[in-house]
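What follows is a single structure, written as structure tokens, with notes after it.
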Amino acid sequence: MQNSYDVIVIGGGPAGCTAASLIAEAGRSTLLVERESVPRFHVGESLMPECYWSLERLGLLERMKNSKFVRKKSVQFVTASGKESAPFYFEQHDPRESSTTWQVERADFDKMLWDRAGELGADCVDSTRVLDVLFDDKGRATGVKLRSDDGEVREISSQVVMDGSGQQSFIANKLGLREDIPNLKKAAIWGYYRNARRDEGDNAGATVIMHTLDRDSWFWFIPLSDDITSIGCVGDSDYMLKQGLDSEARYELELERCPGLQSRLEHAERVGKIRVAKEYSYWTKQHAGDGWVLIGDAFGFIDPLYSSGVYFALVMAERAADAVIEGFARNDLSEKQLGSWCDGFKKGSTLIRKLVEAFYTKEFSFGGFIRDNPEFQGNLTDLLIGRIFYDGAENIFDKMDPVVDQARSTSVAS
Ligand SMILES: Cc1cc2nc3c(=O)[nH]c(=O)nc-3n(C[C@H](O)[C@H](O)[C@H](O)COP(=O)(O)OP(=O)(O)OC[C@H]3O[C@@H](n4cnc5c(N)ncnc54)[C@H](O)[C@@H]3O)c2cc1C
């Protein structure tokens, strides 16, 4: 580790590793710091097809294709009564290689990104925690204070600090920028199963989203390699964690209340403990400042429903890295320059957020939405693929926006 870098990136998740890779590749001295020992466990296994382009830019497509990660070609929904929708096959909508994506063990996936950052020239240091981000008296970020696992504390200076610290959201917490999303106070309880029944053929690697009775909660079903399936339950935080049941009992009860899971779990056994994540949805009211910028979950996280988290982390990291690289070229590392990409990103992500909120109203269904608004079927599939950040997308989503609002308010009213 040097005493000074052009850029310090906090967090060795998808956001931090991507940003560090691109900035180091552009020739800037870069330090990537991760508090845990790499590889480390993480939730968030299902990718969106549009991750393809970031992985291509990082030079990782061949590694992904040669990996053991399960191929994901579709998403499927199962109603509270157990009725299975026709799968949304990404390739039917867009017959390109990029329409097949992956279900990943995050420890392995994130390690691959971490290694890539090192290959492209970043100094990657794990088992080292950022204790503080340092600012000068004008509010410009000037570096970080670190502590390694052996107890050594150091201050390292930089011209830019990129915060990819995930849910810890280091800078936003320090500066009081975090805002809860009031109607998304959710919690998730999940575990891993061996020998859960999967479909055959192209739907075998699908993410399946299944409601429980009365739509009180929903399950994700994510097939991983070695016949392991990630099975997680999401519901209102109060319902999941505060009704006199411990998380294990709540999870078991919701499993029984999920018709879609019964035949899938007939011959399955759980491996390992269950895990809990609570109140993970939030946004930030400022995303960049002089010499700093937020990326990935540190910027905000909506909901696991459409598997948008890793994809958003990659997109934000790319855009922020480009803004930083351009900022060095222009000698402008101001808030305006480092946050120049944020409005475009927020526009695309807002529609995802609205569709998440619509899903949580009791009556909304994708089938019903498409029946009532068939002209938007393709656009809806675009959203499930993650194709929301292309030129012209705004016009289409501006047209779709009031229709989604209408569907949400009708659902709430009924
Ligand atoms: C229940 C649940 C299910 C999800 N399912 C999906 C899914 O199926 N698909 C999907 O795409 N997304 C999913 N997500 C979201 C996904 O997990 C995140 O969006 C994604 O990991 C964000 O990547 P990131 O790089 O921003 O943050 P992370 O992946 O969280 O990486 C941040 C890193 O920063 C490190 N760090 C934190 N503080 C410090 C510090 N002080 N010093 C040094 N290092 C630090 C952490 O150890 C961590 O490794 C899910 C989220 C939840 C809560």
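Following the order of the structure tokens, chains are lettered A, B, ..., residues in each are numbered from 1, and ligands are numbered from 1.
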
| query | Quick one: residues within 6 Å of ligand 1, with only C-alpha atoms and all ligand atoms, as a ChimeraX atom specification? | reply | /A:10-16,33-36,43-47,129-131,164-168,188,277,280,296-298,304,307-311,313

For the selection you just gave me, I'd like the residues written to a file as a compact mmCIF listing (two decimals), in the first residue's frame, keeping C-alpha atoms.
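out20.txt, written as the output of this step:
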```txt
# COMPACT_ATOMS: atom_id res chain seq x y z
CA ILE A 10 -14.16 1.32 -0.37
CA GLY A 11 -15.64 -2.19 -0.63
CA GLY A 12 -14.76 -5.29 -2.63
CA GLY A 13 -18.29 -6.03 -3.89
CA PRO A 14 -19.41 -5.76 -7.51
CA ALA A 15 -19.56 -1.94 -7.37
CA GLY A 16 -16.15 -1.40 -5.79
CA VAL A 33 -10.08 -1.85 0.32
CA GLU A 34 -12.29 -4.65 1.67
CA ARG A 35 -12.91 -5.22 5.38
CA GLU A 36 -13.51 -8.97 5.06
CA VAL A 43 -26.53 -12.63 -0.67
CA GLY A 44 -27.73 -11.58 -4.14
CA GLU A 45 -27.18 -14.51 -6.49
CA SER A 46 -29.45 -13.85 -9.44
CA LEU A 47 -28.08 -11.60 -12.19
CA ARG A 129 -11.55 -1.77 7.34
CA VAL A 130 -12.12 1.86 6.46
CA LEU A 131 -12.59 3.55 9.84
CA GLY A 164 -18.87 1.02 -2.61
CA SER A 165 -19.33 -0.13 0.99
CA GLY A 166 -22.74 -1.70 0.32
CA GLN A 167 -25.40 -1.57 3.01
CA GLN A 168 -22.90 -0.04 5.40
CA ALA A 188 -35.75 -11.46 4.13
CA ALA A 277 -31.54 -9.42 6.30
CA TYR A 280 -32.31 -3.03 3.56
CA GLY A 296 -23.86 0.38 -5.64
CA ASP A 297 -25.82 -0.25 -2.46
CA ALA A 298 -23.95 2.60 -0.79
CA PRO A 304 -34.43 -7.99 -4.17
CA SER A 307 -32.66 -9.05 -9.05
CA SER A 308 -31.54 -5.56 -9.97
CA GLY A 309 -28.97 -5.05 -7.17
CA VAL A 310 -25.80 -6.40 -8.76
CA TYR A 311 -26.75 -5.00 -12.15
CA ALA A 313 -24.01 -1.83 -8.82
```

Contact table range 273-300 of chain A vs range 316-320 of chain A, cut-off 12 Å, shortest pair per residue, only C-alpha atoms, as JSON lines:
```
{"residue": "A:His287", "atom": "CA", "partner": "A:Ala320", "partner_atom": "CA", "distance": 10.4}
{"residue": "A:Ala288", "atom": "CA", "partner": "A:Ala320", "partner_atom": "CA", "distance": 9.6}
{"residue": "A:Gly291", "atom": "CA", "partner": "A:Ala320", "partner_atom": "CA", "distance": 11.9}
{"residue": "A:Trp292", "atom": "CA", "partner": "A:Ala320", "partner_atom": "CA", "distance": 10.1}
{"residue": "A:Val293", "atom": "CA", "partner": "A:Ala320", "partner_atom": "CA", "distance": 7.3}
{"residue": "A:Leu294", "atom": "CA", "partner": "A:Ala320", "partner_atom": "CA", "distance": 8.2}
{"residue": "A:Ile295", "atom": "CA", "partner": "A:Met316", "partner_atom": "CA", "distance": 5.6}
{"residue": "A:Gly296", "atom": "CA", "partner": "A:Met316", "partner_atom": "CA", "distance": 6.2}
{"residue": "A:Asp297", "atom": "CA", "partner": "A:Met316", "partner_atom": "CA", "distance": 9.7}
{"residue": "A:Ala298", "atom": "CA", "partner": "A:Met316", "partner_atom": "CA", "distance": 10.5}
{"residue": "A:Phe299", "atom": "CA", "partner": "A:Met316", "partner_atom": "CA", "distance": 8.8}
{"residue": "A:Gly300", "atom": "CA", "partner": "A:Met316", "partner_atom": "CA", "distance": 10.7}
```

| Surrounding residues of Trp218 in chain A excluding itself and chain neighbours under 5 positions, 12 Å, only C-alpha atoms, as a PyMOL selection string | chain A and resi 77-80+82+186-190+208-213+231-236+240+251+254-255+257-261+304-305+359-360+362

Please save N, CA and C atoms of the selected residues as a JSON list (two decimals), in the first residue's frame.
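Output below, filename selection17.json:
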```json
[["chain", "number", "residue", "atom", "x", "y", "z"],
["A", 77, "PHE", "N", -43.28, -16.42, -12.55],
["A", 77, "PHE", "CA", -44.05, -16.02, -11.36],
["A", 77, "PHE", "C", -45.07, -17.10, -11.04],
["A", 78, "VAL", "N", -45.28, -17.34, -9.75],
["A", 78, "VAL", "CA", -46.28, -18.31, -9.30],
["A", 78, "VAL", "C", -47.22, -17.59, -8.32],
["A", 79, "THR", "N", -48.53, -17.72, -8.55],
["A", 79, "THR", "CA", -49.48, -16.97, -7.73],
["A", 79, "THR", "C", -49.65, -17.62, -6.36],
["A", 80, "ALA", "N", -50.41, -16.92, -5.50],
["A", 80, "ALA", "CA", -50.66, -17.42, -4.14],
["A", 80, "ALA", "C", -51.45, -18.72, -4.16],
["A", 82, "GLY", "N", -50.84, -21.02, -6.38],
["A", 82, "GLY", "CA", -49.94, -22.02, -6.96],
["A", 82, "GLY", "C", -49.98, -22.05, -8.48],
["A", 186, "LYS", "N", -38.95, -3.97, 4.56],
["A", 186, "LYS", "CA", -39.06, -5.42, 4.37],
["A", 186, "LYS", "C", -37.94, -6.14, 5.11],
["A", 187, "ALA", "N", -38.13, -7.44, 5.25],
["A", 187, "ALA", "CA", -37.06, -8.30, 5.77],
["A", 187, "ALA", "C", -37.03, -9.57, 4.95],
["A", 188, "ALA", "N", -35.90, -10.20, 4.88],
["A", 188, "ALA", "CA", -35.75, -11.46, 4.13],
["A", 188, "ALA", "C", -35.16, -12.52, 5.05],
["A", 189, "ILE", "N", -35.68, -13.74, 4.92],
["A", 189, "ILE", "CA", -35.11, -14.90, 5.63],
["A", 189, "ILE", "C", -34.86, -15.95, 4.56],
["A", 190, "TRP", "N", -33.65, -16.48, 4.49],
["A", 190, "TRP", "CA", -33.37, -17.42, 3.43],
["A", 190, "TRP", "C", -32.45, -18.55, 3.86],
["A", 208, "VAL", "N", -37.57, -18.18, -9.89],
["A", 208, "VAL", "CA", -39.02, -18.30, -9.75],
["A", 208, "VAL", "C", -39.44, -17.46, -8.55],
["A", 209, "ILE", "N", -40.43, -16.63, -8.76],
["A", 209, "ILE", "CA", -40.96, -15.75, -7.70],
["A", 209, "ILE", "C", -42.34, -16.28, -7.33],
["A", 210, "MET", "N", -42.51, -16.67, -6.07],
["A", 210, "MET", "CA", -43.75, -17.34, -5.67],
["A", 210, "MET", "C", -44.39, -16.64, -4.49],
["A", 211, "HIS", "N", -45.65, -16.31, -4.62],
["A", 211, "HIS", "CA", -46.37, -15.72, -3.48],
["A", 211, "HIS", "C", -46.78, -16.80, -2.49],
["A", 212, "THR", "N", -46.93, -16.38, -1.24],
["A", 212, "THR", "CA", -47.53, -17.26, -0.23],
["A", 212, "THR", "C", -49.03, -16.94, -0.17],
["A", 213, "LEU", "N", -49.78, -17.74, 0.60],
["A", 213, "LEU", "CA", -51.22, -17.54, 0.73],
["A", 213, "LEU", "C", -51.50, -16.11, 1.17],
["A", 231, "ILE", "N", -33.27, -20.30, -1.44],
["A", 231, "ILE", "CA", -34.72, -20.12, -1.29],
["A", 231, "ILE", "C", -34.96, -19.11, -0.17],
["A", 232, "GLY", "N", -35.51, -17.95, -0.54],
["A", 232, "GLY", "CA", -35.64, -16.87, 0.43],
["A", 232, "GLY", "C", -37.02, -16.30, 0.46],
["A", 233, "CYS", "N", -37.42, -15.86, 1.64],
["A", 233, "CYS", "CA", -38.76, -15.33, 1.85],
["A", 233, "CYS", "C", -38.67, -13.85, 2.21],
["A", 234, "VAL", "N", -39.51, -13.02, 1.58],
["A", 234, "VAL", "CA", -39.49, -11.58, 1.81],
["A", 234, "VAL", "C", -40.89, -11.12, 2.21],
["A", 235, "GLY", "N", -40.98, -10.30, 3.22],
["A", 235, "GLY", "CA", -42.28, -9.73, 3.62],
["A", 235, "GLY", "C", -42.05, -8.49, 4.45],
["A", 236, "ASP", "N", -43.15, -7.88, 4.90],
["A", 236, "ASP", "CA", -43.02, -6.70, 5.75],
["A", 236, "ASP", "C", -42.20, -7.07, 6.98],
["A", 240, "MET", "N", -42.55, -10.37, 9.36],
["A", 240, "MET", "CA", -41.52, -11.41, 9.30],
["A", 240, "MET", "C", -40.83, -11.63, 10.66],
["A", 251, "TYR", "N", -39.87, -18.67, 8.95],
["A", 251, "TYR", "CA", -39.45, -19.20, 7.64],
["A", 251, "TYR", "C", -40.18, -20.52, 7.36],
["A", 254, "GLU", "N", -43.87, -19.91, 6.59],
["A", 254, "GLU", "CA", -44.10, -19.35, 5.25],
["A", 254, "GLU", "C", -43.83, -20.39, 4.17],
["A", 255, "LEU", "N", -42.88, -21.28, 4.40],
["A", 255, "LEU", "CA", -42.65, -22.38, 3.45],
["A", 255, "LEU", "C", -43.93, -23.20, 3.28],
["A", 257, "ARG", "N", -46.87, -22.20, 3.77],
["A", 257, "ARG", "CA", -47.94, -21.37, 3.21],
["A", 257, "ARG", "C", -47.67, -20.99, 1.75],
["A", 258, "CYS", "N", -46.69, -21.62, 1.14],
["A", 258, "CYS", "CA", -46.34, -21.27, -0.24],
["A", 258, "CYS", "C", -46.65, -22.45, -1.17],
["A", 259, "PRO", "N", -47.82, -22.41, -1.83],
["A", 259, "PRO", "CA", -48.19, -23.55, -2.67],
["A", 259, "PRO", "C", -47.15, -23.86, -3.75],
["A", 260, "GLY", "N", -46.55, -22.82, -4.32],
["A", 260, "GLY", "CA", -45.60, -23.04, -5.40],
["A", 260, "GLY", "C", -44.37, -23.84, -4.98],
["A", 261, "LEU", "N", -44.07, -23.84, -3.68],
["A", 261, "LEU", "CA", -42.84, -24.51, -3.23],
["A", 261, "LEU", "C", -43.04, -25.99, -2.91],
["A", 304, "PRO", "N", -34.99, -6.86, -3.41],
["A", 304, "PRO", "CA", -34.43, -7.99, -4.17],
["A", 304, "PRO", "C", -35.35, -8.50, -5.29],
["A", 305, "LEU", "N", -36.60, -8.00, -5.38],
["A", 305, "LEU", "CA", -37.61, -8.64, -6.23],
["A", 305, "LEU", "C", -37.14, -8.92, -7.66],
["A", 359, "PHE", "N", -45.93, -4.41, -7.14],
["A", 359, "PHE", "CA", -45.95, -5.84, -6.81],
["A", 359, "PHE", "C", -46.42, -6.06, -5.38],
["A", 360, "TYR", "N", -46.09, -5.14, -4.48],
["A", 360, "TYR", "CA", -46.45, -5.33, -3.08],
["A", 360, "TYR", "C", -47.89, -4.92, -2.77],
["A", 362, "LYS", "N", -51.79, -5.66, -3.03],
["A", 362, "LYS", "CA", -52.35, -7.03, -2.99],
["A", 362, "LYS", "C", -52.87, -7.51, -4.35]]
```

| said: With distances taken over only C-alpha atoms, which residue among A:Phe135, A:Trp102, A:Phe109, A:Phe221 lies nearest Gly289 in chain A? | reply: A:Phe135

| field | For CA of Cys51 in chain A and CA of Asn373 in chain A, the interatomic separation in Å (one decimal) | value | 27.7 Å

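Around range 147-159 of chain A, within 9 Å and counting only C-alpha atoms, the residues found are A:Met1, A:Gln2, A:Asn3, A:Ser4, A:Tyr5, A:Asp6, A:Val7, A:Ile8, A:Thr30, A:Arg35, A:Asp126, A:Ser127, A:Thr128, A:Arg129, A:Val130, A:Leu131, A:Leu134, A:Arg140, A:Ala141, A:Thr142, A:Gly143, A:Val144, A:Lys145, A:Val161, A:Gly291, A:Trp292, A:Leu333, once anything fewer than 2 positions away on its own chain is removed.
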
| query | When you draw a straight line from CA of Asp199 in chain A to CA of Ser99 in chain A, how long is it in Å? | reply | 18.8 Å

Neighbour list for range 338-344 of chain A as a compact mmCIF listing (two decimals) with C-alpha atoms, in the first residue's frame, cut-off 6 Å, only C-alpha atoms, skip fewer than 3 positions in-chain:
```txt
# COMPACT_ATOMS: atom_id res chain seq x y z
CA ALA A 288 -21.61 12.84 -4.82
CA ALA A 323 -17.01 10.49 -14.56
CA VAL A 324 -13.90 10.16 -12.38
CA GLU A 335 -19.49 17.30 -7.02
CA LYS A 347 -34.64 8.03 -14.07
```

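Candidate residues A:Arg264, A:Arg116, A:Lys285, A:Lys273 were compared for distance to Lys346 in chain A, and the nearest is A:Lys285, using only C-alpha atoms.
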
| request: Kindly give the distance, in Å, that separates CA of Trp220 in chain A and CA of Ala206 in chain A, rounded to a single decimal. | output: 10.3 Å

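Considering the residues A:Pro223, A:Pro87, A:Pro49, A:Gly27 and counting only C-alpha atoms, Gln103 in chain A has its shortest atom-to-atom contact with A:Pro223.
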
| message | Which residues are close to range 171-182 of chain A, i.e. within 7 Å by only C-alpha atoms, leaving aside same-chain residues fewer than 2 positions away? Reply as a PyMOL selection string. | response | chain A and resi 163+169+184-185+281-286

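Residues lying within 12 Å of Ile370 in chain A, counting only C-alpha atoms and ignoring same-chain neighbours fewer than 5 positions away, are Phe364, Ser365, Glu375, Phe376, Gln377, Gly378, Asn379, Leu380, Thr381, Met400, Val403, Val404 and Ala407 of chain A.
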
Could you write out the selected residues, including N, CA and C atoms, as a compact mmCIF listing (two decimals), in the first residue's frame?
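Saved result, part_27.txt, follows:
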```txt
# COMPACT_ATOMS: atom_id res chain seq x y z
N PHE A 364 -52.07 -6.34 -7.68
CA PHE A 364 -51.29 -6.20 -8.91
C PHE A 364 -50.73 -7.54 -9.37
N SER A 365 -50.88 -7.84 -10.65
CA SER A 365 -50.18 -9.00 -11.18
C SER A 365 -49.63 -8.65 -12.56
N GLU A 375 -49.75 -3.35 -25.06
CA GLU A 375 -48.71 -2.60 -25.80
C GLU A 375 -47.41 -2.49 -25.01
N PHE A 376 -47.46 -2.76 -23.70
CA PHE A 376 -46.26 -2.61 -22.89
C PHE A 376 -45.58 -3.94 -22.56
N GLN A 377 -46.04 -5.03 -23.18
CA GLN A 377 -45.44 -6.34 -22.85
C GLN A 377 -43.92 -6.33 -23.08
N GLY A 378 -43.52 -5.82 -24.25
CA GLY A 378 -42.08 -5.78 -24.58
C GLY A 378 -41.31 -4.91 -23.60
N ASN A 379 -41.91 -3.77 -23.24
CA ASN A 379 -41.22 -2.86 -22.31
C ASN A 379 -41.08 -3.48 -20.93
N LEU A 380 -42.11 -4.26 -20.55
CA LEU A 380 -42.03 -4.92 -19.26
C LEU A 380 -40.90 -5.96 -19.25
N THR A 381 -40.81 -6.70 -20.35
CA THR A 381 -39.71 -7.68 -20.44
C THR A 381 -38.37 -6.94 -20.43
N MET A 400 -44.99 4.77 -20.19
CA MET A 400 -45.41 3.67 -19.33
C MET A 400 -45.70 4.13 -17.90
N VAL A 403 -49.20 4.69 -16.67
CA VAL A 403 -49.99 3.44 -16.70
C VAL A 403 -49.64 2.59 -15.47
N VAL A 404 -48.34 2.57 -15.12
CA VAL A 404 -47.94 1.84 -13.91
C VAL A 404 -48.56 2.52 -12.69
N ALA A 407 -52.11 1.50 -12.53
CA ALA A 407 -52.25 0.11 -12.08
C ALA A 407 -52.01 0.03 -10.56
```

| message | I'd like to know which residues of range 219-305 of chain A are strand (DSSP E) (by DSSP, run on the backbone); could you write them as JSON, numbers by chain? | response | {"A": [219, 220, 221, 222, 223, 228, 229, 230, 231, 232, 233, 234, 235, 236, 269, 270, 271, 272, 273, 274, 275, 276, 277, 278, 282, 283, 284, 288, 289, 292, 293, 294, 300, 301]}

Deliver the residues from the most recent selection as a file, using N, CA and C atoms, as a compact mmCIF listing (two decimals), in the first residue's frame.
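Saved as result-v8.txt:
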```
# COMPACT_ATOMS: atom_id res chain seq x y z
N PHE A 219 -41.52 -15.80 -2.06
CA PHE A 219 -40.25 -16.53 -2.04
C PHE A 219 -39.49 -16.33 -3.34
N TRP A 220 -38.17 -16.23 -3.22
CA TRP A 220 -37.33 -16.40 -4.42
C TRP A 220 -36.83 -17.84 -4.43
N PHE A 221 -36.65 -18.36 -5.63
CA PHE A 221 -36.13 -19.72 -5.84
C PHE A 221 -35.06 -19.56 -6.90
N ILE A 222 -33.80 -19.67 -6.47
CA ILE A 222 -32.67 -19.39 -7.37
C ILE A 222 -31.78 -20.62 -7.46
N PRO A 223 -31.80 -21.33 -8.59
CA PRO A 223 -30.97 -22.54 -8.73
C PRO A 223 -29.49 -22.19 -8.86
N ILE A 228 -27.60 -27.05 -5.54
CA ILE A 228 -28.04 -26.23 -4.39
C ILE A 228 -28.99 -25.14 -4.92
N THR A 229 -30.03 -24.86 -4.16
CA THR A 229 -30.97 -23.80 -4.55
C THR A 229 -31.11 -22.82 -3.39
N SER A 230 -31.04 -21.55 -3.72
CA SER A 230 -31.22 -20.49 -2.72
C SER A 230 -32.72 -20.19 -2.65
N ILE A 231 -33.27 -20.30 -1.44
CA ILE A 231 -34.72 -20.12 -1.29
C ILE A 231 -34.96 -19.11 -0.17
N GLY A 232 -35.51 -17.95 -0.54
CA GLY A 232 -35.64 -16.87 0.43
C GLY A 232 -37.02 -16.30 0.46
N CYS A 233 -37.42 -15.86 1.64
CA CYS A 233 -38.76 -15.33 1.85
C CYS A 233 -38.67 -13.85 2.21
N VAL A 234 -39.51 -13.02 1.58
CA VAL A 234 -39.49 -11.58 1.81
C VAL A 234 -40.89 -11.12 2.21
N GLY A 235 -40.98 -10.30 3.22
CA GLY A 235 -42.28 -9.73 3.62
C GLY A 235 -42.05 -8.49 4.45
N ASP A 236 -43.15 -7.88 4.90
CA ASP A 236 -43.02 -6.70 5.75
C ASP A 236 -42.20 -7.07 6.98
N GLU A 269 -33.51 -31.16 0.97
CA GLU A 269 -33.11 -30.99 2.38
C GLU A 269 -32.31 -29.70 2.50
N ARG A 270 -32.52 -29.02 3.62
CA ARG A 270 -31.80 -27.76 3.80
C ARG A 270 -30.36 -28.03 4.22
N VAL A 271 -29.45 -27.25 3.68
CA VAL A 271 -28.05 -27.36 4.11
C VAL A 271 -27.66 -26.04 4.79
N GLY A 272 -27.11 -26.14 5.98
CA GLY A 272 -26.66 -24.94 6.68
C GLY A 272 -27.79 -24.18 7.35
N LYS A 273 -27.40 -23.05 7.93
CA LYS A 273 -28.34 -22.28 8.75
C LYS A 273 -29.17 -21.34 7.89
N ILE A 274 -30.25 -20.83 8.46
CA ILE A 274 -30.97 -19.77 7.75
C ILE A 274 -30.31 -18.43 8.06
N ARG A 275 -30.57 -17.48 7.18
CA ARG A 275 -29.95 -16.16 7.32
C ARG A 275 -31.04 -15.09 7.24
N VAL A 276 -30.76 -13.94 7.82
CA VAL A 276 -31.77 -12.89 7.89
C VAL A 276 -31.15 -11.56 7.43
N ALA A 277 -31.92 -10.81 6.63
CA ALA A 277 -31.54 -9.42 6.30
C ALA A 277 -32.76 -8.56 6.55
N LYS A 278 -32.58 -7.44 7.24
CA LYS A 278 -33.78 -6.63 7.50
C LYS A 278 -33.58 -5.16 7.11
N TYR A 282 -33.29 1.59 1.07
CA TYR A 282 -33.09 3.00 1.40
C TYR A 282 -32.53 3.71 0.17
N TRP A 283 -32.49 5.01 0.24
CA TRP A 283 -31.97 5.83 -0.84
C TRP A 283 -31.09 6.89 -0.21
N THR A 284 -30.35 7.64 -1.00
CA THR A 284 -29.55 8.72 -0.43
C THR A 284 -29.97 10.05 -1.08
N ALA A 288 -23.02 12.50 -4.56
CA ALA A 288 -21.61 12.84 -4.82
C ALA A 288 -21.31 14.17 -4.15
N GLY A 289 -20.05 14.41 -3.94
CA GLY A 289 -19.60 15.71 -3.41
C GLY A 289 -18.22 15.98 -3.99
N TRP A 292 -15.76 12.94 -3.81
CA TRP A 292 -16.35 11.64 -3.41
C TRP A 292 -17.60 11.33 -4.22
N VAL A 293 -17.90 10.04 -4.31
CA VAL A 293 -19.09 9.60 -5.04
C VAL A 293 -19.53 8.25 -4.47
N LEU A 294 -20.84 8.04 -4.46
CA LEU A 294 -21.42 6.79 -3.95
C LEU A 294 -21.75 5.86 -5.12
N GLY A 300 -27.85 3.39 -2.78
CA GLY A 300 -29.23 3.06 -2.45
C GLY A 300 -29.56 1.66 -2.90
N PHE A 301 -30.54 1.06 -2.25
CA PHE A 301 -30.97 -0.28 -2.64
C PHE A 301 -32.49 -0.33 -2.55
```

| Using the chain letters and numbers from this document, which residues of range 58-272 of chain A does DSSP assign to helix (DSSP H, G or I), as JSON, numbers by chain? | {"A": [61, 62, 63, 64, 65, 90, 91, 92, 93, 97, 98, 99, 106, 107, 108, 109, 110, 111, 112, 113, 114, 115, 116, 117, 118, 119, 166, 167, 168, 170, 171, 172, 173, 174, 175, 182, 183, 184, 201, 202, 203, 213, 214, 215, 237, 238, 239, 240, 241, 247, 248, 249, 250, 251, 252, 253, 254, 255, 256, 259, 260, 261, 262]}

Selected residues written out with C-alpha atoms, as a short mmCIF file (atom, residue, chain, number, x, y, z; two decimals), in the first residue's frame:
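Written file, selection.cif:
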```cif
data_model
loop_
_atom_site.label_atom_id
_atom_site.label_comp_id
_atom_site.auth_asym_id
_atom_site.auth_seq_id
_atom_site.Cartn_x
_atom_site.Cartn_y
_atom_site.Cartn_z
CA LEU A 61 -17.23 -12.87 -20.40
CA GLU A 62 -15.05 -15.88 -21.20
CA ARG A 63 -14.54 -16.58 -17.49
CA MET A 64 -18.28 -16.39 -16.96
CA LYS A 65 -18.95 -18.72 -19.88
CA PHE A 90 -35.43 -13.30 -22.31
CA GLU A 91 -34.33 -14.75 -25.63
CA GLN A 92 -37.82 -14.75 -27.07
CA HIS A 93 -37.86 -11.03 -26.53
CA GLU A 97 -26.22 -14.06 -26.49
CA SER A 98 -26.68 -11.32 -23.88
CA SER A 99 -30.14 -12.67 -23.06
CA ARG A 106 -21.44 -14.51 -4.82
CA ALA A 107 -18.26 -15.51 -3.02
CA ASP A 108 -16.91 -16.87 -6.33
CA PHE A 109 -18.37 -14.13 -8.54
CA ASP A 110 -17.10 -11.28 -6.37
CA LYS A 111 -13.69 -12.96 -6.08
CA MET A 112 -13.48 -13.06 -9.87
CA LEU A 113 -14.20 -9.29 -9.97
CA TRP A 114 -11.69 -8.69 -7.19
CA ASP A 115 -8.98 -10.59 -9.04
CA ARG A 116 -9.73 -8.63 -12.20
CA ALA A 117 -9.22 -5.32 -10.40
CA GLY A 118 -5.78 -6.58 -9.35
CA GLU A 119 -4.96 -7.75 -12.88
CA GLY A 166 -22.74 -1.70 0.32
CA GLN A 167 -25.40 -1.57 3.01
CA GLN A 168 -22.90 -0.04 5.40
CA PHE A 170 -20.22 4.61 4.89
CA ILE A 171 -20.22 8.19 3.58
CA ALA A 172 -24.02 8.52 3.55
CA ASN A 173 -24.17 7.45 7.18
CA LYS A 174 -21.36 9.79 8.16
CA LEU A 175 -22.97 12.77 6.43
CA PRO A 182 -41.16 4.16 3.92
CA ASN A 183 -43.37 1.63 2.10
CA LEU A 184 -40.49 -0.83 1.62
CA GLY A 201 -34.92 -27.41 -20.45
CA ASP A 202 -34.59 -23.66 -20.83
CA ASN A 203 -36.52 -22.89 -17.65
CA LEU A 213 -51.22 -17.54 0.73
CA ASP A 214 -52.95 -14.14 0.93
CA ARG A 215 -49.78 -12.66 -0.59
CA SER A 237 -40.43 -6.44 8.47
CA ASP A 238 -43.05 -6.41 11.26
CA TYR A 239 -44.76 -9.49 9.81
CA MET A 240 -41.52 -11.41 9.30
CA LEU A 241 -39.73 -10.64 12.55
CA SER A 247 -36.97 -16.23 12.21
CA GLU A 248 -36.58 -20.03 11.87
CA ALA A 249 -40.24 -20.60 12.83
CA ARG A 250 -41.45 -17.79 10.56
CA TYR A 251 -39.45 -19.20 7.64
CA GLU A 252 -40.86 -22.72 8.15
CA LEU A 253 -44.40 -21.38 8.44
CA GLU A 254 -44.10 -19.35 5.25
CA LEU A 255 -42.65 -22.38 3.45
CA GLU A 256 -45.80 -24.30 4.35
CA PRO A 259 -48.19 -23.55 -2.67
CA GLY A 260 -45.60 -23.04 -5.40
CA LEU A 261 -42.84 -24.51 -3.23
CA GLN A 262 -44.51 -27.72 -2.11
#
```
